[in-house]
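See below for the structure under consideration.
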Amino acid sequence: MSSKTKIVVLRMKELIYTGIFVALGILLIILLVCMFAPKNKTTKTNATVSQYTPGVYTSSLSLNNQAIDVEVVVDSDQIKSVRFVNLEDSVATMYPLMAPAMENLAEQVVANQGVTGLSYDQSSQYTSMALTEAISSALQKAVPKK
């Protein structure tokens with residue numbers, strides 16, 4: 001009788017090993033399906049859509065056959081800086097309100113992150129309006145195409 005018991009014990013070990021291998025096989029199949037199944041990538045990407053395309057954008061302003069370039073540096077979601085590029089001394093001398101108006105507007109544009117709600121100094125109101133148009137034109141270049 002003790003010999004029959006040994007046979008049952010051996011069969012029980014085989015059943016346990018078989019059960020363990022079947023469980024590992026099923027676990028492996030589930031793991032492979034989870035890894036290689038196509039994922040649904042319809043997450044809300046509107047929250048991560050950038051407002052601007054990062055880079056440096058310029059717009060030209062013409063004054064008496066002299067071109068003045070306005071440079072706007074933007075990140076994906078904010079305006080970093082606004083400044084003149086290649087402002088010649090002769091233009092700065094002929095238009096003395098240009099540099100102070102640009103400094104004032106640059107501070108406001110960076111603070112407001114746009115050209116809306118800007119305040120102009122009464123002495124350079126028209127100069128500021130022309131510069132605002134140039135800044136706005138450069139920012140339009142930075143807006144990503146849909």
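The chains in the structure tokens are called A, B, ... from first to last as shown; in each chain the residues are counted from 1, and the ligands are counted from 1 in the order shown.
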
Inset, instruction - Assign secondary structure with DSSP using the backbone only, and return the residues of chain A in strand (DSSP E or B) as an MDAnalysis selection string. - result: chainID A and resid 55:63 66:74 79:85

Each segment 4-106 of chain A residue no farther than 6 Å from segment 125-138 of chain A, nearest pair in Å, only C-alpha atoms, as CSV:
residue,atom,partner,partner_atom,distance
A:Tyr57,CA,A:Ala138,CA,5.5
A:Thr58,CA,A:Ala138,CA,5.3
A:Ser59,CA,A:Ala138,CA,5.0
A:Ala101,CA,A:Ser128,CA,5.8

Legend entry - Interatomic distance, atom CA of Leu139 of chain A to atom CA of Tyr52 of chain A (Å, one decimal): 8.2 Å

Legend entry - Selection: 10 Å around Ser119 of chain A, only C-alpha atoms, excl. self and same-chain fewer than 2 positions, as a ChimeraX atom specification: /A:104-105,108,115-117,121-122,125,128-129

Inset, instruction - Apply DSSP to the structure's backbone, then extract all residues of segment 66-130 of chain A labelled helix (DSSP H, G or I) and return them as a ChimeraX atom specification. - result: /A:89-94,98-112,122-130

Legend entry - Nearest candidate to Val73 of chain A (options A:Pro144, A:Gly55, A:Gly19, A:Pro96; using only C-alpha atoms): A:Gly55

Legend entry - Minimum-distance residue to Tyr120 of chain A, chosen among A:Leu97, A:Phe21, A:Asn65, A:Lys141 (using only C-alpha atoms): A:Leu97

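Distance-wise, atom CA of Pro100 of chain A and atom CA of Ser124 of chain A end up 8.9 Å apart.
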